[in-house]
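K.L.:
Sharing model-v8.cif here; it has mmCIF, C-alpha atoms.
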data_structure
loop_
_atom_site.label_atom_id
_atom_site.label_comp_id
_atom_site.auth_asym_id
_atom_site.auth_seq_id
_atom_site.Cartn_x
_atom_site.Cartn_y
_atom_site.Cartn_z
CA MET U 6 -14.58 19.42 26.78
CA THR U 7 -13.42 15.96 27.72
CA GLU U 8 -9.76 14.99 28.04
CA SER U 9 -10.13 12.42 25.25
CA THR U 10 -11.34 15.15 22.90
CA THR U 11 -8.64 17.70 23.75
CA ALA U 12 -5.87 15.08 23.70
CA ARG U 13 -6.63 14.40 20.05
CA LEU U 14 -6.84 17.95 18.73
CA GLY U 15 -4.98 18.49 15.53
CA THR U 16 -2.50 21.27 14.97
CA ILE U 17 -2.94 24.33 12.78
CA SER U 18 -0.05 26.19 11.18
CA ARG U 19 0.57 28.52 8.27
CA GLU U 20 2.95 27.63 5.48
CA GLY U 21 3.11 30.28 2.80
CA ASP U 22 -0.39 30.88 1.45
CA SER U 23 -1.73 27.67 3.01
CA VAL U 24 -3.19 26.76 6.35
CA VAL U 25 -2.00 23.28 7.33
CA LEU U 26 -4.06 21.03 9.59
CA ARG U 27 -2.35 17.95 11.03
CA TYR U 28 -3.96 15.08 12.93
CA THR U 29 -2.54 11.85 14.32
CA ARG U 30 -4.53 8.82 15.43
CA ASP U 31 -3.13 5.59 16.87
CA LEU U 32 -5.45 2.82 15.75
CA ALA U 33 -5.74 -0.74 17.06
CA HIS U 34 -6.08 -2.13 13.53
CA PRO U 35 -3.55 -3.31 10.92
CA PRO U 36 -2.58 -0.91 8.11
CA GLU U 37 -4.43 -2.99 5.50
CA LYS U 38 -7.75 -2.57 7.33
CA VAL U 39 -7.18 1.16 7.83
CA TRP U 40 -6.20 1.49 4.16
CA ARG U 41 -9.49 -0.07 3.05
CA ALA U 42 -11.37 2.27 5.39
CA ILE U 43 -9.80 5.38 3.86
CA THR U 44 -9.90 4.31 0.21
CA GLU U 45 -12.95 2.10 -0.47
CA SER U 46 -16.43 3.52 -1.03
CA GLU U 47 -18.28 1.12 1.26
CA HIS U 48 -15.98 2.13 4.14
CA LEU U 49 -15.67 5.85 3.28
CA LYS U 50 -19.42 6.22 3.69
CA ALA U 51 -19.08 5.49 7.43
CA TRP U 52 -16.82 8.48 8.12
CA PHE U 53 -16.05 10.73 5.12
CA PRO U 54 -18.66 13.16 3.71
CA ALA U 55 -18.08 12.13 0.11
CA ASP U 56 -17.23 9.23 -2.14
CA ILE U 57 -13.91 9.37 -3.97
CA ILE U 58 -14.64 8.22 -7.51
CA GLY U 59 -11.94 7.53 -10.07
CA GLN U 60 -9.05 5.29 -10.97
CA ARG U 61 -6.55 4.63 -8.23
CA VAL U 62 -3.63 5.75 -10.39
CA GLU U 63 -1.42 8.74 -9.61
CA GLY U 64 -2.47 11.72 -11.69
CA ALA U 65 -6.00 10.39 -12.28
CA SER U 66 -8.93 12.79 -12.24
CA LEU U 67 -11.32 12.21 -9.37
CA ARG U 68 -14.92 13.08 -8.69
CA ILE U 69 -15.58 13.80 -5.02
CA ALA U 70 -19.34 13.22 -4.69
CA PHE U 71 -21.03 14.11 -1.40
CA TRP U 72 -23.14 11.35 0.11
CA PRO U 73 -26.88 12.15 0.44
CA GLU U 74 -26.51 11.75 4.22
CA ALA U 75 -23.76 14.38 4.30
CA ILE U 76 -25.91 16.76 2.29
CA GLU U 77 -28.78 16.18 4.71
CA GLN U 78 -26.54 16.85 7.73
CA ALA U 79 -24.40 19.70 6.39
CA GLY U 80 -26.32 20.95 3.37
CA ASP U 81 -26.25 24.60 4.44
CA GLU U 82 -22.47 24.58 4.76
CA ILE U 83 -22.02 22.62 1.51
CA GLU U 84 -24.31 25.06 -0.30
CA ALA U 85 -22.51 28.06 1.26
CA SER U 86 -19.30 26.76 -0.32
CA GLY U 87 -20.91 27.32 -3.73
CA LEU U 88 -21.94 23.77 -4.58
CA ASP U 89 -25.31 22.94 -6.08
CA LEU U 90 -26.92 20.46 -3.68
CA ASP U 91 -28.52 18.66 -6.65
CA ASP U 92 -25.05 17.97 -8.05
CA ALA U 93 -22.71 18.14 -5.05
CA VAL U 94 -19.55 16.96 -6.77
CA LEU U 95 -16.08 18.49 -6.61
CA PRO U 96 -13.19 17.77 -8.97
CA GLY U 97 -10.03 16.26 -7.61
CA THR U 98 -6.74 14.68 -8.59
CA LEU U 99 -5.10 11.59 -7.15
CA LEU U 100 -1.60 12.71 -6.18
CA THR U 101 -0.13 9.67 -4.40
CA TRP U 102 -1.28 6.04 -4.38
CA ASP U 103 1.14 3.86 -2.40
CA PRO U 104 -0.88 1.06 -0.72
CA PRO U 105 -1.02 0.68 2.24
CA ARG U 106 1.20 3.62 3.15
CA VAL U 107 0.26 6.91 1.47
CA PHE U 108 -2.94 8.18 -0.15
CA ALA U 109 -3.02 11.82 -1.26
CA PHE U 110 -5.51 13.74 -3.35
CA THR U 111 -6.90 17.20 -3.98
CA TRP U 112 -10.48 18.29 -3.74
CA ASP U 113 -11.54 21.87 -4.26
CA SER U 114 -8.82 24.04 -2.67
CA GLU U 115 -7.62 21.31 -0.29
CA HIS U 116 -4.80 18.80 -0.54
CA LEU U 117 -5.28 15.77 1.75
CA THR U 118 -2.54 13.28 2.63
CA PHE U 119 -3.13 10.11 4.65
CA GLU U 120 0.04 8.38 5.86
CA LEU U 121 -0.12 4.98 7.55
CA ALA U 122 2.71 3.46 9.57
CA PRO U 123 2.55 0.06 11.27
CA THR U 124 2.99 0.05 15.04
CA ASP U 125 3.15 -2.74 17.61
CA ALA U 126 -0.49 -2.02 18.48
CA GLY U 127 -1.78 -1.50 14.92
CA THR U 128 -1.39 1.64 12.82
CA ARG U 129 -0.44 5.27 13.29
CA LEU U 130 -2.49 7.38 10.91
CA ALA U 131 -1.20 10.88 10.14
CA VAL U 132 -3.53 13.15 8.18
CA THR U 133 -2.41 16.45 6.70
CA VAL U 134 -4.81 18.91 5.11
CA ARG U 135 -3.42 21.89 3.20
CA ALA U 136 -6.03 24.52 2.44
CA THR U 137 -5.58 27.80 0.63
CA GLU U 138 -9.12 28.98 1.37
CA PRO U 139 -11.23 28.53 4.48
CA GLY U 140 -14.54 26.73 4.40
CA PRO U 141 -17.64 28.93 4.52
CA ARG U 142 -17.38 29.22 8.32
CA GLY U 143 -13.60 29.61 8.55
CA PHE U 144 -10.59 27.42 9.29
CA ALA U 145 -11.73 26.51 12.82
CA SER U 146 -14.87 24.96 11.34
CA THR U 147 -12.81 23.17 8.68
CA ALA U 148 -10.47 21.79 11.37
CA THR U 149 -13.47 20.67 13.43
CA GLY U 150 -14.98 18.94 10.41
CA TYR U 151 -11.86 16.87 9.81
CA HIS U 152 -11.53 16.11 13.53
CA VAL U 153 -15.11 14.79 13.63
CA CYS U 154 -14.54 12.78 10.43
CA LEU U 155 -11.49 11.12 11.98
CA ASP U 156 -13.45 10.36 15.14
CA ALA U 157 -16.08 8.73 12.90
CA LEU U 158 -13.31 6.72 11.18
CA VAL U 159 -12.06 5.47 14.56
CA ALA U 160 -15.61 4.61 15.67
CA SER U 161 -16.25 2.77 12.40
CA LEU U 162 -13.05 0.75 12.67
CA ASP U 163 -13.78 -0.07 16.32
CA GLY U 164 -17.41 -1.01 15.63
CA ASP U 165 -18.58 1.77 17.96
CA ASP U 166 -21.82 3.59 17.20
CA ALA U 167 -21.14 6.59 19.47
CA ASP U 168 -22.81 9.87 18.52
CA ILE U 169 -19.79 11.79 17.32
CA PHE U 170 -22.01 14.46 15.75
CA ASP U 171 -23.30 15.74 19.10
CA ALA U 172 -23.92 19.49 18.62
CA THR U 173 -22.47 20.51 21.99
CA ARG U 174 -19.29 18.53 21.36
CA ILE U 175 -18.92 20.08 17.90
CA GLU U 176 -19.32 23.59 19.38
CA GLU U 177 -16.62 22.80 21.97
CA LEU U 178 -14.28 21.49 19.28
CA GLU U 179 -14.86 24.53 17.09
CA ALA U 180 -14.07 26.83 20.03
CA ALA U 181 -10.88 24.86 20.78
CA TYR U 182 -9.75 25.03 17.14
CA GLY U 183 -10.70 28.72 17.06
CA ARG U 184 -8.07 29.32 19.75
CA LEU U 185 -5.46 27.60 17.54
CA VAL U 186 -6.15 29.56 14.35
#
Would you write the structure of this file as structure tokens?

P.N.:
Amino acid sequence: MTESTTARLGTISREGDSVVLRYTRDLAHPPEKVWRAITESEHLKAWFPADIIGQRVEGASLRIAFWPEAIEQAGDEIEASGLDLDDAVLPGTLLTWDPPRVFAFTWDSEHLTFELAPTDAGTRLAVTVRATEPGPRGFASTATGYHVCLDALVASLDGDDADIFDATRIEELEAAYGRLV
């Protein structure tokens, strides 16, 4: 595994009944640009497996609808989680909406929080995922999935079209996260 990959591994801890995944990325973009990338459909499609549909008001019900491309790429895993691929939508709730600082929501058994802080070079993005149940292939796979999504976010913001979904790289990441679980 490359140094750039291992240097950006998230952390995994247990807090009560939850497994908590934490990731930090320092981005060379202002918070407003990062905020749009993590909250607007046309930008989400570049890095997140699903659209986040619903009012941007705390307490609002959300529909988390998987993109057709995500279903094509990870359909087996999505289906293994119990979703019907013909209607791959999960319910969610918007927990925090504080532009451009904090965006938090639930989907399925996960609680995601995105925190943005301005830095001299751009933005520090901290992402916390609290999960009470593992994905169909376990927490190491879940951690790898979020890691790859964040790499796709960085690539999208930077205008880089690198192949972040390389199978060998994903296997290496899953093994690295497996050692942390």

K.L.:
Report as a PyMOL selection string the full result of the PyMOL selection byres ((chain U and resi 17-27) around 7) when it is applied to this structure.

P.N.:
chain U and resi 15-16+28-29+132-137+148+185-186

K.L.:
Report as JSON, numbers by chain all protein, DNA and RNA residues lying within 8 Å of Gly140 of chain U, evaluated on all atoms listed in the file, omitting residues in the same chain fewer than 5 positions from it.

P.N.:
{"U": [86, 146, 147]}

K.L.:
Measuring atom to atom with only C-alpha atoms, identify which of U:Ala93, U:Ala131, U:Ala172, U:Ala122 is nearest to His34 of chain U.

P.N.:
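Of all the options, U:Ala122 lies closest to His34 of chain U.
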
K.L.:
Output the residue selection produced by the PyMOL selection byres ((chain U and resi 112) around 6) on the file above, formatted as a VMD selection string.

P.N.:
chain U and resid 96 to 97 111 113 115

K.L.:
Box time for segment 19-29 of chain U: axis-aligned, enclosing all its listed atoms, 6 Å extra on each side; report centre and edge lengths in Å to one decimal, as AutoDock Vina command-line options.

P.N.:
--center_x -0.5 --center_y 21.4 --center_z 7.9 --size_x 19.2 --size_y 31.0 --size_z 24.9

K.L.:
Smallest atom-to-atom distance to Pro35 of chain U: which of U:Pro54, U:Pro105, U:Gly64, U:Pro73, using only C-alpha atoms?

P.N.:
U:Pro105

K.L.:
Just checking: using only C-alpha atoms, which residue out of U:Asp31, U:Glu82, U:Glu74, U:Tyr182 ends up closest to Ala51 of chain U?

P.N.:
U:Glu74

K.L.:
Please write the residues picked by the PyMOL selection byres ((chain U and resi 161) around 10) on this file as a PyMOL selection string.

P.N.:
chain U and resi 42+48-52+155-160+162-167

K.L.:
Smallest atom-to-atom distance to Thr101 of chain U: which of U:Val62, U:Ala70, U:Phe53, U:Asp171, using all atoms listed in the file?

P.N.:
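Result for the nearest residue to Thr101 of chain U: U:Val62.
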
K.L.:
Go ahead and find all residues with at least one atom no further than 7 Å from (-7.5, 6.4, 6.5) in the file's coordinates, using all atoms listed in the file; report them as a list in words.

P.N.:
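Protein, DNA and RNA residues close to (-7.5, 6.4, 6.5): Val39, Trp40, Ala42, Ile43, Phe119 and Leu130 of chain U.
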
K.L.:
For atom CA of Leu178 of chain U and atom CA of Ala109 of chain U, determine how far apart the two atoms are, in Å to one decimal place.

P.N.:
25.3 Å

K.L.:
Between atom CA of Glu37 of chain U and atom CA of Arg68 of chain U, what is the distance, to one decimal in Å?

P.N.:
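So the answer is 23.9 Å.
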